[in-house]
Structures are given as structure tokens and as C-alpha cells.
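Undergrad: If it helps, the file is called final-v7.txt and holds compact mmCIF, C-alpha atoms:
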```txt
# COMPACT_ATOMS: atom_id res chain seq x y z
CA MET F 1 -51.71 1.19 18.59
CA SER F 2 -53.18 1.57 22.03
CA SER F 3 -54.38 4.94 23.26
CA GLY F 4 -56.01 3.78 26.49
CA LEU F 5 -53.30 3.86 29.15
CA PHE F 6 -53.36 6.17 32.14
CA GLY F 7 -49.98 7.54 33.17
CA PHE F 8 -49.26 8.85 36.64
CA SER F 9 -46.26 10.80 37.84
CA VAL F 10 -46.62 12.73 41.08
CA GLY F 11 -44.19 14.57 43.33
CA CYS F 12 -45.23 13.42 46.81
CA LEU F 13 -47.58 10.47 47.02
CA SER F 14 -48.91 9.20 50.33
CA MET F 15 -49.77 5.52 50.57
CA ASP F 16 -53.30 6.49 51.57
CA ARG F 17 -53.74 8.31 48.29
CA TRP F 18 -52.10 5.45 46.39
CA ASP F 19 -54.62 3.06 47.96
CA LYS F 20 -57.53 5.28 46.91
CA LEU F 21 -56.18 5.62 43.38
CA ASN F 22 -55.88 1.88 43.03
CA ASP F 23 -59.46 1.48 44.15
CA LEU F 24 -60.40 3.75 41.24
CA PHE F 25 -58.16 1.81 38.85
CA GLN F 26 -59.73 -1.50 39.82
CA LYS F 27 -63.28 -0.18 39.44
CA THR F 28 -62.59 1.29 36.00
CA GLY F 29 -60.31 -1.42 34.63
CA ALA F 30 -57.61 1.15 33.90
CA ILE F 31 -54.21 0.04 32.61
CA ILE F 32 -51.59 1.89 34.63
CA THR F 33 -48.17 3.29 33.82
CA PHE F 34 -46.49 5.01 36.77
CA GLY F 35 -43.57 7.43 36.56
CA LEU F 36 -40.75 7.10 39.08
CA ASN F 37 -38.51 9.95 40.26
CA ALA F 38 -35.14 9.60 38.49
CA LEU F 39 -33.55 12.64 40.19
CA TYR F 40 -33.76 11.30 43.74
CA GLY F 41 -30.27 11.25 45.25
CA ARG F 42 -28.62 13.29 42.49
CA HIS F 43 -27.28 16.81 42.85
CA ASN F 44 -27.32 19.86 40.62
CA VAL F 45 -23.82 20.85 39.47
CA GLN F 46 -24.51 23.65 37.00
CA ARG F 47 -27.61 25.21 35.53
CA SER F 48 -29.81 22.28 34.46
CA VAL F 49 -27.14 19.55 34.73
CA TRP F 50 -27.67 16.91 37.42
CA THR F 51 -25.14 14.22 38.26
CA GLY F 52 -24.48 11.55 40.85
CA LYS F 53 -25.95 8.11 41.35
CA TRP F 54 -29.70 7.64 41.55
CA ASN F 55 -30.89 6.69 45.04
CA SER F 56 -33.22 3.73 44.48
CA THR F 57 -34.36 3.19 48.09
CA ASN F 58 -37.58 5.20 47.77
CA ALA F 59 -38.54 3.45 44.52
CA TYR F 60 -37.69 0.06 46.03
CA ASP F 61 -39.93 0.61 49.06
CA PHE F 62 -42.77 1.93 46.89
CA LEU F 63 -42.58 -1.04 44.51
CA LYS F 64 -42.48 -3.46 47.44
CA TYR F 65 -45.59 -1.85 48.98
CA THR F 66 -47.41 -1.91 45.63
CA ILE F 67 -46.69 -5.62 45.18
CA SER F 68 -47.70 -6.44 48.77
CA LYS F 69 -51.10 -4.85 48.16
CA GLY F 70 -51.61 -6.74 44.92
CA TYR F 71 -51.88 -3.55 42.87
CA GLN F 72 -51.45 -4.11 39.15
CA VAL F 73 -49.08 -1.72 37.37
CA GLU F 74 -48.60 -2.49 33.70
CA SER F 75 -45.39 -0.52 33.38
CA TRP F 76 -42.97 1.65 35.34
CA GLU F 77 -41.46 4.67 33.63
CA PHE F 78 -38.11 5.98 34.81
CA GLY F 79 -37.91 9.77 34.94
CA ASN F 80 -39.62 12.70 33.29
CA GLU F 81 -38.11 15.00 30.66
CA LEU F 82 -34.46 14.55 31.65
CA SER F 83 -33.22 13.47 28.20
CA GLY F 84 -31.18 15.60 25.82
CA HIS F 85 -31.27 19.22 26.98
CA GLY F 86 -34.02 18.32 29.47
CA THR F 87 -36.81 20.51 30.75
CA GLY F 88 -35.36 22.31 33.75
CA ALA F 89 -33.05 19.40 34.50
CA ARG F 90 -31.01 16.91 32.47
CA VAL F 91 -28.96 13.81 33.15
CA ASP F 92 -26.16 12.28 31.07
CA ALA F 93 -27.36 9.33 28.96
CA LYS F 94 -24.64 6.95 30.18
CA LEU F 95 -25.47 7.67 33.81
CA TYR F 96 -29.16 7.30 33.04
CA GLY F 97 -28.53 3.97 31.32
CA LYS F 98 -26.73 2.58 34.38
CA ASP F 99 -29.59 3.63 36.64
CA VAL F 100 -32.17 2.09 34.32
CA THR F 101 -30.21 -1.16 34.57
CA GLU F 102 -30.39 -0.95 38.36
CA LEU F 103 -34.15 -0.42 38.22
CA LYS F 104 -34.46 -3.47 35.97
CA SER F 105 -32.60 -5.53 38.58
CA ILE F 106 -35.01 -4.32 41.26
CA LEU F 107 -38.01 -5.31 39.15
CA ARG F 108 -36.55 -8.77 38.58
CA LYS F 109 -35.94 -9.18 42.30
CA LEU F 110 -39.35 -8.03 43.48
CA TYR F 111 -41.45 -9.54 40.67
CA ARG F 112 -40.05 -13.05 40.95
CA ALA F 113 -42.23 -14.75 38.36
CA PRO F 114 -40.89 -13.72 34.94
CA LEU F 115 -44.37 -13.49 33.43
CA SER F 116 -45.49 -11.13 36.19
CA GLN F 117 -42.78 -8.55 35.57
CA PRO F 118 -44.13 -5.20 34.39
CA LEU F 119 -42.62 -3.29 31.50
CA LEU F 120 -39.76 -0.86 32.11
CA LEU F 121 -40.08 2.38 30.17
CA ALA F 122 -37.56 5.20 29.73
CA PRO F 123 -36.78 8.04 29.52
CA GLY F 124 -40.11 9.87 29.16
CA GLY F 125 -38.57 12.97 27.62
CA PHE F 126 -38.15 14.86 24.38
CA PHE F 127 -36.47 12.83 21.67
CA ASP F 128 -32.76 13.42 21.12
CA GLN F 129 -31.38 10.75 18.80
CA GLN F 130 -27.84 10.73 20.13
CA TRP F 131 -28.99 10.67 23.76
CA TYR F 132 -31.55 7.89 23.17
CA THR F 133 -28.96 5.83 21.28
CA GLN F 134 -26.51 6.16 24.16
CA LEU F 135 -29.21 5.09 26.62
CA LEU F 136 -29.86 1.89 24.68
CA GLN F 137 -26.17 1.13 24.25
CA THR F 138 -25.45 1.63 27.96
CA SER F 139 -28.43 -0.27 29.36
CA GLY F 140 -28.06 -3.13 26.92
CA HIS F 141 -30.27 -5.80 25.44
CA GLY F 142 -33.68 -6.39 26.98
CA VAL F 143 -33.47 -3.85 29.79
CA VAL F 144 -35.79 -1.18 28.43
CA SER F 145 -39.12 -2.53 27.17
CA ALA F 146 -40.07 0.68 25.39
CA LEU F 147 -38.44 4.00 24.58
CA THR F 148 -40.84 6.73 25.59
CA HIS F 149 -40.95 10.29 24.34
CA HIS F 150 -43.17 13.36 24.63
CA ILE F 151 -44.85 15.25 21.80
CA TYR F 152 -45.82 18.90 22.17
CA ASN F 153 -45.25 19.90 18.58
CA LEU F 154 -47.69 22.83 18.60
CA GLY F 155 -45.51 24.80 21.02
CA GLY F 156 -46.74 27.10 23.76
CA GLY F 157 -50.30 28.20 24.40
CA ASP F 158 -49.39 31.87 24.02
CA ASP F 159 -48.59 31.43 20.31
CA VAL F 160 -50.88 33.72 18.28
CA HIS F 161 -50.42 31.41 15.26
CA LEU F 162 -51.63 28.29 17.06
CA MET F 163 -54.88 27.87 15.10
CA ARG F 164 -53.01 28.28 11.83
CA LYS F 165 -50.45 25.66 12.83
CA ILE F 166 -53.12 23.02 13.37
CA VAL F 167 -54.35 23.24 9.78
CA ASP F 168 -50.93 23.77 8.17
CA PRO F 169 -49.83 20.45 6.62
CA LYS F 170 -46.21 21.56 6.38
CA TYR F 171 -46.14 22.33 10.08
CA LEU F 172 -47.88 19.11 11.07
CA ASP F 173 -45.45 17.09 8.94
CA ARG F 174 -42.49 18.27 11.03
CA ALA F 175 -43.45 15.79 13.75
CA GLU F 176 -42.94 12.99 11.25
CA ASP F 177 -39.16 13.45 11.53
CA THR F 178 -39.33 12.61 15.23
CA TYR F 179 -41.36 9.44 14.68
CA ARG F 180 -39.12 8.36 11.80
CA ASP F 181 -35.89 8.95 13.73
CA MET F 182 -37.26 7.09 16.75
CA GLN F 183 -38.10 4.13 14.53
CA LEU F 184 -34.60 4.16 12.99
CA THR F 185 -32.97 4.37 16.43
CA LEU F 186 -34.82 1.26 17.58
CA GLN F 187 -34.08 -0.61 14.36
CA ARG F 188 -30.36 0.09 14.70
CA HIS F 189 -29.81 -0.10 18.45
CA GLY F 190 -32.86 -1.52 20.25
CA THR F 191 -34.76 -4.11 18.23
CA TRP F 192 -36.09 -5.64 21.47
CA ALA F 193 -37.90 -2.43 22.45
CA SER F 194 -40.87 -0.53 21.05
CA ALA F 195 -41.70 3.17 20.71
CA TRP F 196 -44.27 4.85 22.95
CA VAL F 197 -45.52 8.41 23.18
CA SER F 198 -45.92 8.51 26.95
CA GLU F 199 -47.19 12.10 27.07
CA SER F 200 -48.70 14.41 24.49
CA GLY F 201 -51.08 17.31 24.69
CA GLY F 202 -50.16 19.26 21.56
CA VAL F 203 -49.65 22.54 23.40
CA PHE F 204 -47.38 22.54 26.44
CA ASN F 205 -48.00 24.25 29.78
CA ASN F 206 -51.62 23.12 30.21
CA GLY F 207 -52.67 23.69 26.62
CA ARG F 208 -54.64 26.73 25.47
CA LEU F 209 -58.16 27.61 26.51
CA MET F 210 -60.66 27.54 23.63
CA VAL F 211 -58.24 25.68 21.40
CA SER F 212 -57.05 22.56 23.23
CA ASN F 213 -60.55 21.84 24.53
CA THR F 214 -62.38 22.46 21.23
CA PHE F 215 -63.10 20.70 17.96
CA MET F 216 -60.01 22.22 16.37
CA ASN F 217 -57.72 20.20 18.60
CA SER F 218 -59.18 16.94 17.25
CA ILE F 219 -57.66 17.82 13.87
CA TRP F 220 -54.23 17.78 15.53
CA TYR F 221 -54.98 14.83 17.80
CA LEU F 222 -56.25 12.36 15.20
CA ASP F 223 -53.54 13.38 12.75
CA GLN F 224 -50.95 12.60 15.42
CA LEU F 225 -52.50 9.20 16.16
CA GLY F 226 -52.41 8.35 12.47
CA MET F 227 -48.87 9.62 12.00
CA ALA F 228 -47.51 7.90 15.10
CA SER F 229 -49.03 4.59 14.00
CA LYS F 230 -47.32 4.81 10.62
CA TYR F 231 -43.97 4.62 12.39
CA ASN F 232 -44.85 1.65 14.58
CA THR F 233 -45.63 3.59 17.75
CA LYS F 234 -47.31 1.07 20.03
CA VAL F 235 -48.88 3.37 22.64
CA PHE F 236 -49.95 7.02 22.61
CA CYS F 237 -50.76 8.47 26.06
CA ARG F 238 -52.80 11.66 26.02
CA GLN F 239 -52.12 14.53 28.41
CA THR F 240 -54.55 14.58 30.22
CA LEU F 241 -57.70 12.73 31.22
CA ILE F 242 -58.57 15.55 33.63
CA GLY F 243 -56.45 18.65 34.16
CA GLY F 244 -55.41 21.74 32.25
CA ASN F 245 -57.03 23.00 29.07
CA TYR F 246 -56.02 19.86 27.16
CA GLY F 247 -57.96 17.41 29.34
CA LEU F 248 -60.25 14.94 27.60
CA LEU F 249 -62.79 15.85 30.29
CA ASP F 250 -63.62 19.34 31.49
CA THR F 251 -61.78 19.99 34.74
CA GLN F 252 -64.82 21.40 36.54
CA THR F 253 -67.81 19.52 35.09
CA PHE F 254 -66.15 16.32 33.81
CA ILE F 255 -68.17 16.74 30.60
CA PRO F 256 -66.25 15.25 27.65
CA ASN F 257 -64.42 17.65 25.37
CA PRO F 258 -64.38 16.91 21.61
CA ASP F 259 -61.08 14.99 21.84
CA TYR F 260 -62.74 12.48 24.15
CA TYR F 261 -65.08 11.41 21.36
CA SER F 262 -62.25 11.44 18.82
CA ALA F 263 -60.25 9.11 21.07
CA LEU F 264 -63.27 6.86 21.61
CA LEU F 265 -63.95 6.50 17.89
CA TRP F 266 -60.27 5.77 17.21
CA HIS F 267 -60.32 3.14 19.97
CA ARG F 268 -63.45 1.48 18.60
CA LEU F 269 -62.69 1.58 14.88
CA MET F 270 -58.94 1.51 14.24
CA GLY F 271 -57.31 -1.89 14.65
CA LYS F 272 -53.67 -2.68 15.35
CA GLY F 273 -52.76 -3.42 11.72
CA VAL F 274 -51.45 -0.24 10.08
CA LEU F 275 -51.75 -0.07 6.30
CA SER F 276 -49.51 1.86 3.94
CA VAL F 277 -51.17 4.74 2.13
CA ASP F 278 -49.33 6.74 -0.51
CA ILE F 279 -51.81 9.31 -1.71
CA ASN F 280 -51.06 11.88 -4.38
CA ALA F 281 -53.50 14.53 -3.22
CA PRO F 282 -53.65 18.15 -2.12
CA ARG F 283 -51.64 18.47 1.07
CA LYS F 284 -54.71 19.69 2.90
CA VAL F 285 -56.14 16.16 2.68
CA ARG F 286 -54.68 13.71 5.21
CA ALA F 287 -55.34 9.97 4.94
CA TYR F 288 -54.54 7.03 7.21
CA ALA F 289 -55.70 3.41 7.05
CA HIS F 290 -55.84 0.53 9.53
CA CYS F 291 -57.32 -2.92 9.64
CA SER F 292 -60.75 -2.53 11.19
CA LYS F 293 -61.10 -3.42 14.84
CA GLN F 294 -63.05 -6.57 15.73
CA GLN F 295 -64.39 -7.01 12.21
CA GLN F 296 -63.18 -7.70 8.70
CA GLY F 297 -62.18 -4.94 6.33
CA ILE F 298 -60.35 -1.68 6.72
CA THR F 299 -61.03 1.72 8.26
CA LEU F 300 -59.88 4.96 6.69
CA LEU F 301 -59.27 8.17 8.62
CA LEU F 302 -59.68 11.21 6.39
CA ILE F 303 -58.92 14.76 7.54
CA ASN F 304 -59.62 17.90 5.55
CA LEU F 305 -57.48 20.84 6.70
CA SER F 306 -58.99 23.27 4.19
CA ASN F 307 -61.56 25.69 5.56
CA SER F 308 -63.04 26.50 2.16
CA THR F 309 -62.80 23.40 -0.01
CA GLY F 310 -64.76 20.17 0.25
CA TYR F 311 -63.80 16.98 -1.60
CA ASN F 312 -65.62 14.01 -3.05
CA VAL F 313 -63.45 10.97 -2.39
CA THR F 314 -64.20 8.03 -4.68
CA LEU F 315 -62.66 4.58 -4.34
CA GLN F 316 -62.37 2.93 -7.73
CA ASN F 317 -61.69 -0.61 -8.87
CA ASP F 318 -57.92 -0.31 -8.88
CA ILE F 319 -57.90 1.50 -5.56
CA ASN F 320 -57.65 4.81 -7.34
CA VAL F 321 -59.03 7.79 -5.53
CA SER F 322 -60.49 10.80 -7.28
CA LEU F 323 -61.18 14.01 -5.48
CA GLU F 324 -63.51 16.55 -6.95
CA LYS F 325 -62.60 19.93 -5.57
CA GLN F 326 -65.53 22.13 -4.58
CA THR F 327 -64.50 25.72 -4.01
CA ASN F 328 -68.19 26.63 -4.11
CA LEU F 329 -69.92 24.14 -1.86
CA ARG F 330 -73.26 24.58 -3.63
CA ARG F 331 -72.05 23.32 -6.96
CA HIS F 332 -69.38 21.02 -8.29
CA SER F 333 -66.34 22.69 -9.71
CA SER F 334 -65.12 21.53 -13.10
CA PHE F 335 -61.60 21.17 -11.70
CA THR F 336 -60.86 17.54 -10.83
CA HIS F 337 -57.77 15.97 -9.28
CA GLY F 338 -57.06 12.39 -10.33
CA LEU F 339 -55.38 10.66 -7.42
CA ARG F 340 -53.80 7.24 -7.35
CA ARG F 341 -53.06 5.34 -4.18
CA ALA F 342 -50.02 3.11 -4.42
CA VAL F 343 -50.70 0.82 -1.51
CA SER F 344 -49.22 -2.37 -0.13
CA TRP F 345 -52.59 -3.61 1.06
CA LEU F 346 -54.45 -3.92 -2.27
CA GLY F 347 -57.60 -5.96 -1.83
CA ARG F 348 -59.50 -7.80 -4.51
CA LYS F 349 -61.25 -5.73 -7.11
CA PRO F 350 -64.95 -5.28 -6.41
CA SER F 351 -67.32 -7.44 -8.42
CA SER F 352 -70.88 -6.81 -9.53
CA ARG F 353 -72.18 -8.42 -6.34
CA ASP F 354 -70.51 -5.63 -4.36
CA ALA F 355 -72.69 -2.98 -5.97
CA ALA F 356 -75.16 -3.15 -3.09
CA ALA F 357 -72.46 -3.36 -0.42
CA LYS F 358 -72.51 -0.68 2.26
CA ARG F 359 -69.82 1.20 4.12
CA GLU F 360 -70.09 3.03 7.42
CA GLU F 361 -69.19 6.70 7.81
CA TYR F 362 -68.53 8.78 10.92
CA HIS F 363 -68.25 12.47 10.01
CA LEU F 364 -66.96 14.83 12.69
CA ALA F 365 -67.39 18.59 12.48
CA ALA F 366 -67.73 21.64 14.72
CA LYS F 367 -71.15 22.84 15.85
CA ASP F 368 -72.41 25.86 13.87
CA GLY F 369 -69.21 25.79 11.80
CA ASP F 370 -67.31 27.31 14.73
CA HIS F 371 -63.98 25.48 14.78
CA GLN F 372 -63.44 26.58 18.37
CA SER F 373 -66.72 25.10 19.50
CA ARG F 374 -66.59 22.75 22.48
CA THR F 375 -69.41 20.72 20.93
CA MET F 376 -68.59 18.20 18.23
CA LEU F 377 -71.10 16.96 15.68
CA LEU F 378 -71.21 13.33 14.59
CA ASN F 379 -73.01 13.08 11.26
CA GLY F 380 -74.68 16.39 12.07
CA VAL F 381 -75.84 15.40 15.57
CA PRO F 382 -74.30 17.11 18.64
CA LEU F 383 -72.36 14.74 20.89
CA GLU F 384 -73.78 15.49 24.32
CA LEU F 385 -74.24 13.43 27.46
CA ALA F 386 -77.67 11.96 28.13
CA ASP F 387 -79.70 13.13 31.13
CA ASP F 388 -78.34 10.20 33.14
CA GLY F 389 -74.76 11.15 32.27
CA SER F 390 -74.22 8.32 29.80
CA ILE F 391 -72.15 8.67 26.64
CA PRO F 392 -74.28 9.19 23.50
CA ALA F 393 -74.46 6.48 20.87
CA LEU F 394 -71.76 6.89 18.23
CA ASP F 395 -73.76 5.62 15.28
CA PRO F 396 -72.56 5.77 11.68
CA VAL F 397 -74.44 6.59 8.54
CA THR F 398 -74.28 4.05 5.73
CA ALA F 399 -73.65 4.58 2.06
CA ALA F 400 -73.08 2.46 -1.01
CA VAL F 401 -69.42 1.46 -1.32
CA SER F 402 -69.30 2.75 -4.89
CA SER F 403 -70.58 6.24 -4.03
CA PRO F 404 -68.23 9.16 -3.23
CA VAL F 405 -67.36 10.10 0.35
CA TYR F 406 -67.93 13.81 0.80
CA LEU F 407 -65.28 15.34 3.03
CA ALA F 408 -66.51 18.77 4.15
CA PRO F 409 -64.13 21.68 4.82
CA THR F 410 -62.32 21.45 8.17
CA SER F 411 -63.78 18.08 9.00
CA ILE F 412 -62.81 14.54 9.89
CA ALA F 413 -64.25 11.24 8.68
CA PHE F 414 -63.80 7.62 9.69
CA VAL F 415 -64.86 5.36 6.83
CA VAL F 416 -65.32 1.64 7.54
CA LEU F 417 -65.17 -0.69 4.52
CA PRO F 418 -66.25 -4.09 5.92
CA LYS F 419 -66.00 -5.94 2.61
CA PHE F 420 -62.52 -4.77 1.71
CA GLU F 421 -60.22 -7.77 1.60
CA ALA F 422 -56.76 -6.66 2.65
CA LYS F 423 -54.20 -9.46 2.90
CA ALA F 424 -52.47 -7.74 5.81
CA CYS F 425 -55.73 -7.86 7.77
CA SER F 426 -56.63 -11.51 7.19
```
Go ahead and express the file in the form of C-alpha cells.
TA:
Amino acid sequence: MSSGLFGFSVGCLSMDRWDKLNDLFQKTGAIITFGLNALYGRHNVQRSVWTGKWNSTNAYDFLKYTISKGYQVESWEFGNELSGHGTGARVDAKLYGKDVTELKSILRKLYRAPLSQPLLLAPGGFFDQQWYTQLLQTSGHGVVSALTHHIYNLGGGDDVHLMRKIVDPKYLDRAEDTYRDMQLTLQRHGTWASAWVSESGGVFNNGRLMVSNTFMNSIWYLDQLGMASKYNTKVFCRQTLIGGNYGLLDTQTFIPNPDYYSALLWHRLMGKGVLSVDINAPRKVRAYAHCSKQQQGITLLLINLSNSTGYNVTLQNDINVSLEKQTNLRRHSSFTHGLRRAVSWLGRKPSSRDAAAKREEYHLAAKDGDHQSRTMLLNGVPLELADDGSIPALDPVTAAVSSPVYLAPTSIAFVVLPKFEAKACS
């Protein structure tokens, strides 16, 4: 799953500003998705309901200008939060489907070489299974390249229970229904398309200060990346790079917030192959696994939602996992959970020659144990920019493969097993 696209949707965009933005895109190598206005030409008939045919002239002229300048846009997204009940405005799915088909015709006309045609995304809203199904049925085969939806499952920033939600496994699991239903909708009605999260910031309306820009938010963020991947989500676009309290960079200083480093580690370590993990463990322990990126083996993402209990995670010969619960962090408790992973990616059993094999670990925690700290620790070292503004090295610690992985309370760990032979990753 990719998490490196930049999405842009603006109200009024001058061509001068578009030129300057594209200069930035070219210098940074950014992959661009741009949102087009799907309300242009329609009229409001009652409350949030909009009807009438979409006026495509503005989009047509903008696309034509973009092509004439040689600007590379990976994908065009039609509309923003107009699906289902909408957010302030909504459009009927059948009408939307017809307009998406018109936009596809425009793309085919203007991008004459088939291989040069960008992707067409829709609808960029909150998932409503009936509405999304109708969109696919109306637009037809091959029109929409990806169904896009937004995830703000933590609710509003004024929620006094926000911190509790982030570490509540039952609450986090609710988002799984959305991903699962999206996958089923595509399997039944749109096998040619893929699922994208084209916008997600956890907390809507700019996020929440001292939550969305702190270590705590990385618990939510990485859990969402893992969960979305399980259900074949191909792209996850984060709201935002800069802007609001949920920006990956501070709005004033551009200093990276903790989620920036979480995203960077995910990007570097987690490959495209998603592995099935069925773990019988305390619900406070979250586990995801991918083929490693650009190397052999697998990478595990482990998240501990408990603020008082640490776990020793031990991989055994038969891919069993045992967790030793430590309610008192200074001594081992006698209470042990035996956990078995029933996985579809079983590798070979380790042999005696693997005894000296090493794994790589990246442990993320909050500075000074303050979960609302804006400084994240990697293996105990604060992640801070160098004097020249460069990103710090994200170096792992190594450990023997056969030794336990200690997962501290309210912490995150990426564990890279380079010698693990998973058939799905070969």
C-alpha cells in the first residue's frame, strides 16, 4: 500500500499558482492527485440536496491547460464528500455516475495515448455501501479506476474521550467494517477498480491540538495503515502534509510531528505484500505483517495499547507467539498467555544455523512517557532535525531472532525478520 501521494483540492485556483505548485511538485518528485469540483453547474433544491447536470467546461479547460504545460497528474478525483448523506451537500449516485462517465470521456479525448491517461477516482466521500454500489453500476466497467473514501473515525476534536478512543481496541475495530464493506462492494460490483483512502486525519475539522500532532496519534495512524492494508486498500492519503493540527509537519515551523516519522518508517519497511495474521492475544496488542520492502523476509508492526502492561513477544519454531504479561515492569509476572498464530504465510522452521541470526527492531515511544509529547523516541533516542535541517537517521537495534521482543506499554515496534522465508514474499 502506498502512503506517499499528495492530494490537492482547492476552491479557486489561479493558473499562476498552479504553475508554482507544479514547480514544487517537479522539484520534490511528488505524485499528484487533484480533486475536481463536482458541484459546478448544479443547483441546490432542498437542504443539502443538489441536482442538475455537472458543467464540465471549467474542468475541461483546466485539464487542457495542465496537459499543454506538460504537468504530470497521476490521478483526477471527482468531487469531495458528496456521497451518501454528504457533508453539507450531496448528489444522487445515479447522477454522479453519469457525470463520472462524462469526465472519463474527457480524459480519453485529451490524453490521446492510452498509456498516458491518468487514473479517475471517485467519489472522495464517506462510505455508503448502497450509494457506492449505485455509482459503480451506473458508470459501468472500467470507468472508475479507484473508489475513494474518507476516514475520520475518531470523530470531532472537541470530544473529551478522544485520548481514550485511540487506545480502545473495540473502538478502533469499528473502522474495520468500513474497509471490509468497501472490499466486498468492489468484489461484487467493481472488480476492475481498487480501494483508496483519499483523505484521513483521524479527527475531523483540523484535528485536535496536542493530540493529532503528538505521539498518541501515531497509535491511531499506524493501526489504520495496518488495518486498511488487510482489506486490500492500495493508497492511504494523509490529511495533511501541512495544515491544521493533524499536519505531518508543524504549520508554523515545518518541523516534523511524530506521525511524519511513523509514515516514513512505514514507507521504508512495509512492502506491498500483506500477510495474514490471526493472533489469539489480549485485544490491547495489535499485530500486522507485510513482506519487507526491498529485502527478503517479513516486517511485523506491533502496537501495545495498554498503558500499564508490557509484553515479551517470542516467535517459536511453529510460528507460535508467547506473550509474558508484565503488570510490574520491574519483574516478570508469573501469568503467561500462550498465543498461537494461524497464518497463511508460514515460513520454514528455523534450524540450528539460525541461532546467530539477527532481526532489526524499531521501537517508538513518547518522550518522558508523556503520550501527548510532540517528540517521538526511536529506540530511546529523540527524533529531532539536525542543525542543517536534515532528517535524523532512523537506525534499528539488532537482536537475536530467538530472543523475545519486549513491547513496552503504549508503544509501537517495527520488527524486521530478514531470514524469514514466506512463500507469499518470494
Undergrad: Using all atoms listed in the file, determine which residues lie at most 9 Å from F:Ser411, disregarding the query and same-chain residues fewer than 6 positions distant; provide the list as a list in words.
TA: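 The contact residues come out as Ile219, Leu302, Ile303, Asn304, Leu305, Ser306, Asn307, His363, Leu364, Ala365 and Ala366 of chain F.
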Undergrad: Up to 12 Å from (-49.3, 7.2, 46.0) in the file's coordinates: name the residues, counting all atoms listed in the file, as number ranges by chain.
TA: F: 8-23, 34-36, 59, 61-63, 65-66, 71
Undergrad: Under the rule of at most 7 Å, produce a per-residue listing of stretch 199-255 of chain F near stretch 168-192 of chain F: chain, number, name, the closest pair of atoms, and the distance in Å, as CSV, using all atoms listed in the file.
TA:
```
residue,atom,partner,partner_atom,distance
F:Met227,CA,F:Glu176,CA,6.9
F:Ala228,CA,F:Tyr179,CA,6.4
F:Tyr231,CA,F:Tyr179,CA,5.9
```
Undergrad: Hey, what's within 12 Å of F:Asp250 if we count all atoms listed in the file and toss same-chain stuff fewer than 2 positions away? As a ChimeraX atom specification, please?
TA: /F:209-210,212-214,240-248,252-260,374
Undergrad: For atom CA of F:Leu225 and atom CA of F:Leu154, quote the distance in Å rounded to one decimal.
TA: 14.7 Å
Undergrad: Name the closest residue to F:Tyr152 among the candidates F:Leu119, F:Thr133, F:Tyr111, F:Gln224; distances are taken between atoms, counting all atoms listed in the file.
TA: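 When distances to F:Tyr152 are compared using all atoms listed in the file, the smallest one comes from F:Gln224.
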Undergrad: Counting only C-alpha atoms, which of F:Asn217, F:Asn206, F:Ser200, F:Ser56 gets nearest to F:Arg238?
TA: F:Ser200
Undergrad: In terms of the shortest atom-to-atom distance over only C-alpha atoms, which of F:Thr138, F:Gln26, F:Thr33, F:Ser403 is closest to F:Leu120?
TA: F:Thr33
Undergrad: If the box runs along x, y and z of the file and leaves 6 Å on each side of stretch 61-79 of chain F, what are its centre and edge lengths in Å, one decimal, as AutoDock Vina command-line options?
TA:
```
--center_x -44.9 --center_y 1.5 --center_z 41.2 --size_x 26.0 --size_y 28.5 --size_z 27.7
```
Undergrad: Name the closest residue to F:His371 among the candidates F:Ala38, F:Val160, F:Val167, F:Leu107; distances are taken between atoms, counting all atoms listed in the file.
TA: F:Val167
Undergrad: Calculate how many Å separate atom CA of F:Lys53 from atom CA of F:Ala93, rounding to one decimal.
TA: 12.5 Å
Undergrad: For a cutoff of 9 Å around the file-coordinate point (-33.6, 21.1, 36.0), which residues qualify once you count all atoms listed in the file? I'd like the result as a compact mmCIF listing (two decimals) with C-alpha atoms, in the frame of the given file.
TA:
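The resulting file, out29.txt, is reproduced below:
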```txt
# COMPACT_ATOMS: atom_id res chain seq x y z
CA ASN F 44 -27.32 19.86 40.62
CA ARG F 47 -27.61 25.21 35.53
CA SER F 48 -29.81 22.28 34.46
CA VAL F 49 -27.14 19.55 34.73
CA TRP F 50 -27.67 16.91 37.42
CA LEU F 82 -34.46 14.55 31.65
CA GLY F 86 -34.02 18.32 29.47
CA THR F 87 -36.81 20.51 30.75
CA GLY F 88 -35.36 22.31 33.75
CA ALA F 89 -33.05 19.40 34.50
CA ARG F 90 -31.01 16.91 32.47
```
Undergrad: Between F:Ala113, F:Cys425, F:Thr148, F:Ala413, which one has atoms that come closest to F:Val274, using all atoms listed in the file?
TA: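 For F:Val274, the nearest of the candidates is F:Cys425.
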Undergrad: Please indicate the distance in Å from atom CA of F:Asn205 to atom CA of F:Gly157, rounded to one decimal place.
TA: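 A separation of 7.1 Å between them.
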Undergrad: Let me make sure I understand: among F:His141, F:Lys109, F:Lys293, F:His150, which one has the smallest atom-to-atom distance to F:Tyr60 if we use all atoms listed in the file?
TA: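 With all atoms listed in the file as the atom set, the closest residue is F:Lys109.
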Undergrad: Write out as JSON lines a residue-level contact list of stretch 360-417 of chain F versus stretch 285-291 of chain F with cut-off 12 Å: for each qualifying residue the closest pair of atoms and the distance in Å to one decimal, counting only C-alpha atoms, rows sorted by chain and residue number upward.
TA:
```
{"residue": "F:Leu407", "atom": "CA", "partner": "F:Val285", "partner_atom": "CA", "distance": 9.2}
{"residue": "F:Ala408", "atom": "CA", "partner": "F:Val285", "partner_atom": "CA", "distance": 10.8}
{"residue": "F:Pro409", "atom": "CA", "partner": "F:Val285", "partner_atom": "CA", "distance": 9.9}
{"residue": "F:Thr410", "atom": "CA", "partner": "F:Val285", "partner_atom": "CA", "distance": 9.8}
{"residue": "F:Ser411", "atom": "CA", "partner": "F:Val285", "partner_atom": "CA", "distance": 10.1}
{"residue": "F:Ile412", "atom": "CA", "partner": "F:Arg286", "partner_atom": "CA", "distance": 9.4}
{"residue": "F:Ala413", "atom": "CA", "partner": "F:Ala287", "partner_atom": "CA", "distance": 9.7}
{"residue": "F:Phe414", "atom": "CA", "partner": "F:Ala289", "partner_atom": "CA", "distance": 9.5}
{"residue": "F:Val415", "atom": "CA", "partner": "F:Ala289", "partner_atom": "CA", "distance": 9.4}
{"residue": "F:Val416", "atom": "CA", "partner": "F:Cys291", "partner_atom": "CA", "distance": 9.4}
{"residue": "F:Leu417", "atom": "CA", "partner": "F:Cys291", "partner_atom": "CA", "distance": 9.6}
```
